[in-house]
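S.K.: Let me begin by handing over the structure; questions about it come next.
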Amino acid sequence: MNAKRFFKIKNGENYRLISIPKTFEEFKTNFDTKYDSFVYKDPEGDDIVFSNEEEYGLLLDLIPEMKKHIKITGISEPLSQTKKKILKTAAKTNDDSSHPGVNLRKVAMIGCGFVGSASCFALMQSGMFSEMVLIDADFNKADGEALDISHGLPFAKPMKIYAGNYDDITDAAIIIVTAGANQKPGETRLDLVKKNVKIHRSINAELKKRKINGILLIVANPVDILTSVAQKLSGLPPERVFGSGTVLDTARFKYLLGEHLAIDSRSVHAFIIGEHGDSEIAAWSSANVSGISINEFCEMRGHFSHEESMIRIADEVKNAAYQIIAKKHATYYGIAMSVRRICECIIRNEKSILSVSSAMDGQFGITGVCLSMPAVVGANGVETLVPISLSDKEKEKLVESANTLKKVLNDALNEK
Ligand SMILES: NC(=O)c1ccc[n+]([C@@H]2O[C@H](COP(=O)([O-])OP(=O)(O)OC[C@H]3O[C@@H](n4cnc5c(N)ncnc54)[C@H](O)[C@@H]3O)[C@@H](O)[C@H]2O)c1
């Protein structure tokens, strides 16, 4: 094995290779300090990033040990441990993630069925992460998906994709949970409660045992109930546990409005709020296109039957999943793109506004339940909810939606 050691110095997109100076001081005097991050390239081709003296020292101390093990065993345990240690220290110095032990380049997926595997595929293509761990109750399913998705890597960006277990994901920046039964034709999302609460109780117990520090993103249904369950059982602070909520429904809403108005759906600003399910609400009173109210814009595009169009579009959004499930038994591409978008907001600390599901804290008089409201999402999870203005009718429906969810949640939590 080629055990040559060198540094790869990064300056913008350019790299330069140098041999290893003995101290950080020597390193700094010999090389231009404008470089802000330093990357050690280990003999296996992996990058180890460090940015200060402490981390550099740790690296030098560990080189003899690394060398010893590399020669004997190839990719060795101590080498991967070393890498974890250094990345952990680096994470501490990053303002955007004050959470120790979190590797911002690592994502985990629990549940690798239609939704989990499609989301992994979307994440692989995004180039956002350099490591992705897949967990499923059926190990072969996770392993097969990991292999299949990995074979697309020559057309994307390098990363490690593998099937693993809970010990492999303790440092993941984002843990996504899609595990659980999906809706069968005719079944509502709330019908899934019993089966999936049981599965999620056991998943949260595994996460709590390992004191994870990343962000927990719940996708399995009923997503609002399972998010509330995870907030109670995962051991994480509430802002770091949230659900994909109505991010998908909002995307469907924007897509249909874009089609109706013959404009780019990204120029539509409109939200579906409340339950991700039958009691969800289209927030028409705040919907607009580039600041122009939705009805005014409709008229500019030759549509005057507002009431009729609003009912049709809101129904199409609400029934989209039923319609797709009746035709192909599952929905997964739309949610996969939603998962990718949520991860992007977290990893890039975007503070974008997404209708994720999180705990209500008195907004519109609602407490004690998770549901979707526009929220600022960044590196630390849900920063704050955005109090959009709602009509009296919309407020009433939101409170009804919350009450429906609360009842289901209380029943689910009281069930043994
Ligand atoms: N939030 C959304 O917008 C949205 C959209 C679509 C689907 N979903 C939901 O996502 C979930 C998954 O849907 P799907 O179509 O992928 O279902 P699926 O049946 O194809 O996959 C579920 C996977 O979970 C695994 N699993 C079950 N118990 C597990 C456990 N304890 N640990 C690890 N893995 C376990 C199963 O082996 C299976 O591979 C469903 O609840 C579905 O309703 C949510």
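Starting from 1 in every chain, residues are counted up; chains themselves are A, B, ... following the order of the structure tokens, and ligands are numbered from 1 as listed.
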List the spatial neighbours of region 114-124 of chain A as a tab-separated table (two decimals) with C-alpha atoms, in the first residue's frame - criterion: any atom at most 6 Å away, only C-alpha atoms, same-chain residues fewer than 4 positions off excluded.

M.R.:
```tsv
chain	number	residue	atom	x	y	z
A	178	THR	CA	-39.13	7.27	7.00
A	332	TYR	CA	-42.03	9.09	-3.21
A	336	ALA	CA	-37.76	12.95	-1.83
A	340	ARG	CA	-33.54	17.24	-0.05
```

S.K.: Residues at most 7 Å from ligand 1, using only C-alpha atoms and all ligand atoms? Could they come as a short mmCIF file (atom, residue, chain, number, x, y, z; two decimals) with N, CA and C atoms, in the first residue's frame?

M.R.:
```cif
data_model
loop_
_atom_site.label_atom_id
_atom_site.label_comp_id
_atom_site.auth_asym_id
_atom_site.auth_seq_id
_atom_site.Cartn_x
_atom_site.Cartn_y
_atom_site.Cartn_z
N ILE A 110 -33.28 6.35 8.30
CA ILE A 110 -33.85 5.17 8.97
C ILE A 110 -35.15 4.83 8.24
N GLY A 111 -35.15 3.67 7.60
CA GLY A 111 -36.29 3.27 6.76
C GLY A 111 -35.90 3.48 5.30
N CYS A 112 -35.76 2.37 4.57
CA CYS A 112 -35.28 2.48 3.18
C CYS A 112 -36.26 1.87 2.20
N GLY A 113 -37.54 2.13 2.43
CA GLY A 113 -38.55 1.69 1.47
C GLY A 113 -38.60 2.68 0.32
N PHE A 114 -39.80 2.87 -0.24
CA PHE A 114 -39.94 3.78 -1.39
C PHE A 114 -39.44 5.19 -1.05
N VAL A 115 -39.92 5.72 0.08
CA VAL A 115 -39.62 7.11 0.43
C VAL A 115 -38.14 7.27 0.84
N GLY A 116 -37.67 6.35 1.70
CA GLY A 116 -36.29 6.43 2.18
C GLY A 116 -35.30 6.31 1.03
N ILE A 135 -30.30 2.67 7.26
CA ILE A 135 -30.72 1.66 8.24
C ILE A 135 -32.13 1.21 7.88
N ASP A 136 -32.34 -0.10 7.92
CA ASP A 136 -33.70 -0.61 7.73
C ASP A 136 -33.84 -1.87 8.58
N ALA A 137 -35.08 -2.17 9.00
CA ALA A 137 -35.32 -3.40 9.76
C ALA A 137 -34.86 -4.59 8.92
N ASP A 138 -34.95 -4.47 7.61
CA ASP A 138 -34.46 -5.50 6.69
C ASP A 138 -33.09 -5.03 6.19
N LYS A 141 -32.31 -4.95 2.50
CA LYS A 141 -32.96 -3.87 1.73
C LYS A 141 -32.08 -2.62 1.78
N THR A 178 -38.01 7.60 7.89
CA THR A 178 -39.13 7.27 7.00
C THR A 178 -39.65 5.87 7.32
N ALA A 179 -39.13 5.27 8.38
CA ALA A 179 -39.51 3.88 8.71
C ALA A 179 -40.98 3.82 9.13
N GLY A 180 -41.64 2.79 8.66
CA GLY A 180 -43.03 2.60 9.06
C GLY A 180 -43.88 2.18 7.89
N ALA A 181 -45.09 1.76 8.21
CA ALA A 181 -45.98 1.33 7.14
C ALA A 181 -46.44 2.55 6.36
N ASN A 182 -46.73 2.35 5.06
CA ASN A 182 -47.30 3.46 4.28
C ASN A 182 -48.79 3.25 4.11
N GLN A 183 -49.47 4.27 3.53
CA GLN A 183 -50.93 4.18 3.35
C GLN A 183 -51.26 3.14 2.29
N ARG A 189 -53.93 8.92 6.58
CA ARG A 189 -52.63 8.94 7.26
C ARG A 189 -52.83 8.62 8.74
N ILE A 199 -43.51 1.48 16.12
CA ILE A 199 -42.18 1.44 15.47
C ILE A 199 -41.33 2.63 15.93
N HIS A 200 -41.95 3.80 15.99
CA HIS A 200 -41.18 5.01 16.34
C HIS A 200 -40.78 5.07 17.80
N SER A 202 -39.68 2.55 19.39
CA SER A 202 -38.43 1.78 19.48
C SER A 202 -37.28 2.54 18.81
N ILE A 203 -37.55 3.23 17.72
CA ILE A 203 -36.48 4.00 17.06
C ILE A 203 -35.99 5.12 17.98
N VAL A 219 -40.39 11.91 8.69
CA VAL A 219 -41.09 11.94 7.41
C VAL A 219 -42.25 10.93 7.40
N ALA A 220 -42.09 9.83 8.15
CA ALA A 220 -43.12 8.79 8.16
C ALA A 220 -44.44 9.36 8.66
N ASN A 221 -45.53 8.74 8.25
CA ASN A 221 -46.87 9.23 8.62
C ASN A 221 -47.51 8.44 9.75
N PRO A 222 -48.42 9.06 10.49
CA PRO A 222 -48.85 10.45 10.39
C PRO A 222 -47.76 11.36 10.96
N VAL A 223 -47.20 12.19 10.08
CA VAL A 223 -45.95 12.87 10.40
C VAL A 223 -46.08 13.80 11.62
N SER A 244 -41.40 16.72 8.18
CA SER A 244 -41.49 17.31 6.83
C SER A 244 -42.84 18.00 6.66
N GLY A 245 -43.80 17.67 7.53
CA GLY A 245 -45.07 18.39 7.59
C GLY A 245 -45.74 18.59 6.24
N THR A 246 -46.08 19.86 5.97
CA THR A 246 -46.77 20.13 4.71
C THR A 246 -45.82 20.73 3.66
N LEU A 248 -44.33 19.09 1.39
CA LEU A 248 -44.75 18.46 0.13
C LEU A 248 -46.09 19.03 -0.35
N ALA A 330 -47.80 4.03 -3.99
CA ALA A 330 -46.96 4.80 -3.05
C ALA A 330 -46.61 6.13 -3.69
N THR A 331 -46.25 7.13 -2.86
CA THR A 331 -45.74 8.40 -3.41
C THR A 331 -44.32 8.57 -2.88
N TYR A 332 -43.39 8.94 -3.73
CA TYR A 332 -42.03 9.09 -3.21
C TYR A 332 -41.16 10.15 -3.87
N ILE A 335 -41.85 13.76 -2.22
CA ILE A 335 -41.34 13.85 -0.84
C ILE A 335 -39.81 13.78 -0.83
#
```

S.K.: Given the choices A:Leu233, A:Ile169, A:Leu217, A:Cys370, which gets closest to Val197 (chain A) if the distance is worked out from only C-alpha atoms?

M.R.: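 Distance minimum relative to Val197 (chain A) lands on A:Leu233.
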
S.K.: Using the chain letters and numbers from this document, which residues of region 216-348 of chain A does DSSP assign to strand (DSSP E), as a list in words?

M.R.: Leu216, Leu217, Ile218, Val241, Phe242, Gly243, Val268, His269, Ile272, Ile273, Ile281, Ala282, Asn288, Val289, Ile292 and Ser293 of chain A

S.K.: Using Å and a single decimal, report how far CA of His306 (chain A) sits from CA of Val289 (chain A).

M.R.: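 CA of His306 (chain A) lies 15.2 Å from CA of Val289 (chain A).
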
S.K.: Looking only at helix (DSSP H, G or I) from DSSP on the backbone, list the matching residues of region 116-205 of chain A as a PDB file with N, CA and C atoms, in the first residue's frame.

M.R.:
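Saved as result.pdb:
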```
ATOM      1  N   GLY A 116     -37.671   6.349   1.700  1.00  0.00           N
ATOM      2  CA  GLY A 116     -36.290   6.431   2.178  1.00  0.00           C
ATOM      3  C   GLY A 116     -35.302   6.315   1.027  1.00  0.00           C
ATOM      4  N   SER A 117     -35.518   5.332   0.137  1.00  0.00           N
ATOM      5  CA  SER A 117     -34.531   5.130  -0.930  1.00  0.00           C
ATOM      6  C   SER A 117     -34.589   6.270  -1.951  1.00  0.00           C
ATOM      7  N   ALA A 118     -35.809   6.748  -2.267  1.00  0.00           N
ATOM      8  CA  ALA A 118     -35.895   7.878  -3.224  1.00  0.00           C
ATOM      9  C   ALA A 118     -35.227   9.117  -2.620  1.00  0.00           C
ATOM     10  N   SER A 119     -35.392   9.309  -1.310  1.00  0.00           N
ATOM     11  CA  SER A 119     -34.765  10.474  -0.660  1.00  0.00           C
ATOM     12  C   SER A 119     -33.244  10.332  -0.676  1.00  0.00           C
ATOM     13  N   CYS A 120     -32.750   9.113  -0.414  1.00  0.00           N
ATOM     14  CA  CYS A 120     -31.289   8.893  -0.463  1.00  0.00           C
ATOM     15  C   CYS A 120     -30.758   9.184  -1.860  1.00  0.00           C
ATOM     16  N   PHE A 121     -31.507   8.771  -2.858  1.00  0.00           N
ATOM     17  CA  PHE A 121     -31.090   9.010  -4.245  1.00  0.00           C
ATOM     18  C   PHE A 121     -31.002  10.525  -4.516  1.00  0.00           C
ATOM     19  N   ALA A 122     -32.019  11.250  -4.043  1.00  0.00           N
ATOM     20  CA  ALA A 122     -32.018  12.712  -4.236  1.00  0.00           C
ATOM     21  C   ALA A 122     -30.848  13.341  -3.470  1.00  0.00           C
ATOM     22  N   LEU A 123     -30.569  12.838  -2.260  1.00  0.00           N
ATOM     23  CA  LEU A 123     -29.480  13.413  -1.452  1.00  0.00           C
ATOM     24  C   LEU A 123     -28.126  13.115  -2.083  1.00  0.00           C
ATOM     25  N   MET A 124     -27.986  11.905  -2.638  1.00  0.00           N
ATOM     26  CA  MET A 124     -26.724  11.556  -3.301  1.00  0.00           C
ATOM     27  C   MET A 124     -26.466  12.536  -4.444  1.00  0.00           C
ATOM     28  N   GLN A 125     -27.498  12.833  -5.211  1.00  0.00           N
ATOM     29  CA  GLN A 125     -27.320  13.732  -6.361  1.00  0.00           C
ATOM     30  C   GLN A 125     -27.032  15.168  -5.939  1.00  0.00           C
ATOM     31  N   SER A 126     -27.443  15.520  -4.718  1.00  0.00           N
ATOM     32  CA  SER A 126     -27.281  16.906  -4.278  1.00  0.00           C
ATOM     33  C   SER A 126     -25.820  17.265  -4.013  1.00  0.00           C
ATOM     34  N   PHE A 139     -32.014  -5.567   6.799  1.00  0.00           N
ATOM     35  CA  PHE A 139     -30.668  -5.080   6.476  1.00  0.00           C
ATOM     36  C   PHE A 139     -30.362  -5.196   4.983  1.00  0.00           C
ATOM     37  N   ASN A 140     -30.812  -6.310   4.375  1.00  0.00           N
ATOM     38  CA  ASN A 140     -30.526  -6.508   2.950  1.00  0.00           C
ATOM     39  C   ASN A 140     -31.139  -5.423   2.078  1.00  0.00           C
ATOM     40  N   LYS A 141     -32.306  -4.947   2.495  1.00  0.00           N
ATOM     41  CA  LYS A 141     -32.964  -3.871   1.735  1.00  0.00           C
ATOM     42  C   LYS A 141     -32.078  -2.616   1.778  1.00  0.00           C
ATOM     43  N   ALA A 142     -31.588  -2.267   2.979  1.00  0.00           N
ATOM     44  CA  ALA A 142     -30.720  -1.090   3.121  1.00  0.00           C
ATOM     45  C   ALA A 142     -29.427  -1.284   2.330  1.00  0.00           C
ATOM     46  N   ASP A 143     -28.877  -2.498   2.422  1.00  0.00           N
ATOM     47  CA  ASP A 143     -27.617  -2.796   1.754  1.00  0.00           C
ATOM     48  C   ASP A 143     -27.782  -2.711   0.233  1.00  0.00           C
ATOM     49  N   GLY A 144     -28.866  -3.296  -0.256  1.00  0.00           N
ATOM     50  CA  GLY A 144     -29.135  -3.276  -1.699  1.00  0.00           C
ATOM     51  C   GLY A 144     -29.312  -1.854  -2.207  1.00  0.00           C
ATOM     52  N   GLU A 145     -30.059  -1.043  -1.459  1.00  0.00           N
ATOM     53  CA  GLU A 145     -30.271   0.351  -1.889  1.00  0.00           C
ATOM     54  C   GLU A 145     -28.943   1.104  -1.868  1.00  0.00           C
ATOM     55  N   ALA A 146     -28.139   0.869  -0.809  1.00  0.00           N
ATOM     56  CA  ALA A 146     -26.847   1.574  -0.703  1.00  0.00           C
ATOM     57  C   ALA A 146     -25.967   1.247  -1.912  1.00  0.00           C
ATOM     58  N   LEU A 147     -25.936  -0.047  -2.290  1.00  0.00           N
ATOM     59  CA  LEU A 147     -25.110  -0.443  -3.441  1.00  0.00           C
ATOM     60  C   LEU A 147     -25.618   0.192  -4.726  1.00  0.00           C
ATOM     61  N   ASP A 148     -26.932   0.081  -4.918  1.00  0.00           N
ATOM     62  CA  ASP A 148     -27.531   0.602  -6.151  1.00  0.00           C
ATOM     63  C   ASP A 148     -27.268   2.106  -6.285  1.00  0.00           C
ATOM     64  N   ILE A 149     -27.510   2.840  -5.195  1.00  0.00           N
ATOM     65  CA  ILE A 149     -27.326   4.303  -5.248  1.00  0.00           C
ATOM     66  C   ILE A 149     -25.845   4.645  -5.447  1.00  0.00           C
ATOM     67  N   SER A 150     -24.952   3.862  -4.791  1.00  0.00           N
ATOM     68  CA  SER A 150     -23.502   4.121  -4.929  1.00  0.00           C
ATOM     69  C   SER A 150     -23.045   4.025  -6.378  1.00  0.00           C
ATOM     70  N   LEU A 153     -22.479   7.126  -8.292  1.00  0.00           N
ATOM     71  CA  LEU A 153     -21.514   8.124  -7.825  1.00  0.00           C
ATOM     72  C   LEU A 153     -20.541   8.634  -8.898  1.00  0.00           C
ATOM     73  N   PRO A 154     -20.119   7.782  -9.841  1.00  0.00           N
ATOM     74  CA  PRO A 154     -19.227   8.328 -10.879  1.00  0.00           C
ATOM     75  C   PRO A 154     -19.856   9.474 -11.671  1.00  0.00           C
ATOM     76  N   PHE A 155     -21.177   9.615 -11.578  1.00  0.00           N
ATOM     77  CA  PHE A 155     -21.834  10.724 -12.288  1.00  0.00           C
ATOM     78  C   PHE A 155     -22.201  11.857 -11.328  1.00  0.00           C
ATOM     79  N   TYR A 166     -27.366   1.669  14.394  1.00  0.00           N
ATOM     80  CA  TYR A 166     -27.491   2.923  15.154  1.00  0.00           C
ATOM     81  C   TYR A 166     -26.149   3.455  15.642  1.00  0.00           C
ATOM     82  N   ASP A 167     -25.188   2.564  15.913  1.00  0.00           N
ATOM     83  CA  ASP A 167     -23.887   3.054  16.367  1.00  0.00           C
ATOM     84  C   ASP A 167     -23.180   3.864  15.274  1.00  0.00           C
ATOM     85  N   ASP A 168     -23.545   3.590  14.023  1.00  0.00           N
ATOM     86  CA  ASP A 168     -22.894   4.311  12.916  1.00  0.00           C
ATOM     87  C   ASP A 168     -23.433   5.726  12.717  1.00  0.00           C
ATOM     88  N   ILE A 169     -24.548   6.049  13.373  1.00  0.00           N
ATOM     89  CA  ILE A 169     -25.171   7.342  13.025  1.00  0.00           C
ATOM     90  C   ILE A 169     -25.179   8.349  14.180  1.00  0.00           C
ATOM     91  N   LEU A 190     -53.969   9.100   9.292  1.00  0.00           N
ATOM     92  CA  LEU A 190     -54.196   8.858  10.720  1.00  0.00           C
ATOM     93  C   LEU A 190     -54.471   7.382  11.019  1.00  0.00           C
ATOM     94  N   ASP A 191     -54.906   6.617   9.983  1.00  0.00           N
ATOM     95  CA  ASP A 191     -55.110   5.174  10.185  1.00  0.00           C
ATOM     96  C   ASP A 191     -53.796   4.456  10.516  1.00  0.00           C
ATOM     97  N   LEU A 192     -52.688   5.093  10.184  1.00  0.00           N
ATOM     98  CA  LEU A 192     -51.383   4.434  10.388  1.00  0.00           C
ATOM     99  C   LEU A 192     -50.874   4.566  11.817  1.00  0.00           C
ATOM    100  N   VAL A 193     -51.609   5.334  12.639  1.00  0.00           N
ATOM    101  CA  VAL A 193     -51.102   5.715  13.955  1.00  0.00           C
ATOM    102  C   VAL A 193     -50.545   4.553  14.773  1.00  0.00           C
ATOM    103  N   LYS A 194     -51.392   3.545  15.025  1.00  0.00           N
ATOM    104  CA  LYS A 194     -50.985   2.488  15.958  1.00  0.00           C
ATOM    105  C   LYS A 194     -49.689   1.816  15.530  1.00  0.00           C
ATOM    106  N   LYS A 195     -49.682   1.353  14.255  1.00  0.00           N
ATOM    107  CA  LYS A 195     -48.516   0.623  13.746  1.00  0.00           C
ATOM    108  C   LYS A 195     -47.255   1.485  13.862  1.00  0.00           C
ATOM    109  N   ASN A 196     -47.380   2.735  13.404  1.00  0.00           N
ATOM    110  CA  ASN A 196     -46.162   3.533  13.305  1.00  0.00           C
ATOM    111  C   ASN A 196     -45.696   4.145  14.627  1.00  0.00           C
ATOM    112  N   VAL A 197     -46.629   4.413  15.536  1.00  0.00           N
ATOM    113  CA  VAL A 197     -46.188   4.921  16.851  1.00  0.00           C
ATOM    114  C   VAL A 197     -45.348   3.838  17.531  1.00  0.00           C
ATOM    115  N   LYS A 198     -45.760   2.596  17.375  1.00  0.00           N
ATOM    116  CA  LYS A 198     -45.013   1.490  18.003  1.00  0.00           C
ATOM    117  C   LYS A 198     -43.584   1.427  17.427  1.00  0.00           C
ATOM    118  N   ILE A 199     -43.511   1.479  16.119  1.00  0.00           N
ATOM    119  CA  ILE A 199     -42.185   1.437  15.469  1.00  0.00           C
ATOM    120  C   ILE A 199     -41.331   2.627  15.926  1.00  0.00           C
ATOM    121  N   HIS A 200     -41.945   3.801  15.995  1.00  0.00           N
ATOM    122  CA  HIS A 200     -41.177   5.006  16.336  1.00  0.00           C
ATOM    123  C   HIS A 200     -40.776   5.070  17.805  1.00  0.00           C
ATOM    124  N   ARG A 201     -41.576   4.442  18.674  1.00  0.00           N
ATOM    125  CA  ARG A 201     -41.152   4.371  20.079  1.00  0.00           C
ATOM    126  C   ARG A 201     -39.806   3.648  20.149  1.00  0.00           C
ATOM    127  N   SER A 202     -39.679   2.548  19.387  1.00  0.00           N
ATOM    128  CA  SER A 202     -38.433   1.776  19.480  1.00  0.00           C
ATOM    129  C   SER A 202     -37.282   2.538  18.809  1.00  0.00           C
ATOM    130  N   ILE A 203     -37.555   3.234  17.724  1.00  0.00           N
ATOM    131  CA  ILE A 203     -36.483   4.002  17.057  1.00  0.00           C
ATOM    132  C   ILE A 203     -35.985   5.124  17.977  1.00  0.00           C
ATOM    133  N   ASN A 204     -36.911   5.844  18.596  1.00  0.00           N
ATOM    134  CA  ASN A 204     -36.507   6.939  19.499  1.00  0.00           C
ATOM    135  C   ASN A 204     -35.724   6.428  20.701  1.00  0.00           C
ATOM    136  N   ALA A 205     -36.093   5.232  21.166  1.00  0.00           N
ATOM    137  CA  ALA A 205     -35.348   4.656  22.298  1.00  0.00           C
ATOM    138  C   ALA A 205     -33.895   4.409  21.883  1.00  0.00           C
TER     139      ALA A 205
END
```

S.K.: Pick the closest to Phe297 (chain A) from A:Ile225, A:Val382, A:Ile353, A:Ile263: which is it, counting only C-alpha atoms?

M.R.: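 Counting only C-alpha atoms, the residue closest to Phe297 (chain A) is A:Ile263.
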
S.K.: Between A:Ile272, A:Leu354, A:Leu398, A:Ile218, single out the one closest to Ile342 (chain A), counting only C-alpha atoms.

M.R.: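 Closest residue, counting only C-alpha atoms: A:Leu354.
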
S.K.: Which residues, written as a list of chain:residue names, have at least one atom at most 8 Å from region 310-325 of chain A, with only C-alpha atoms counted and residues fewer than 4 positions away on the same chain left out?

M.R.: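 The filter keeps A:Gln183, A:Lys184, A:Pro185, A:Gly186, A:Asp249, A:Arg252, A:Phe253, A:Leu256, A:Leu257, A:Gly277, A:Asp278, A:Glu280, A:Ala282, A:His306, A:His329, A:Ala330, A:Thr331.
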
S.K.: What is the distance between CA of Lys160 (chain A) and CA of Gly243 (chain A), in Å to one decimal?

M.R.: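 These atoms are spaced 25.7 Å apart.
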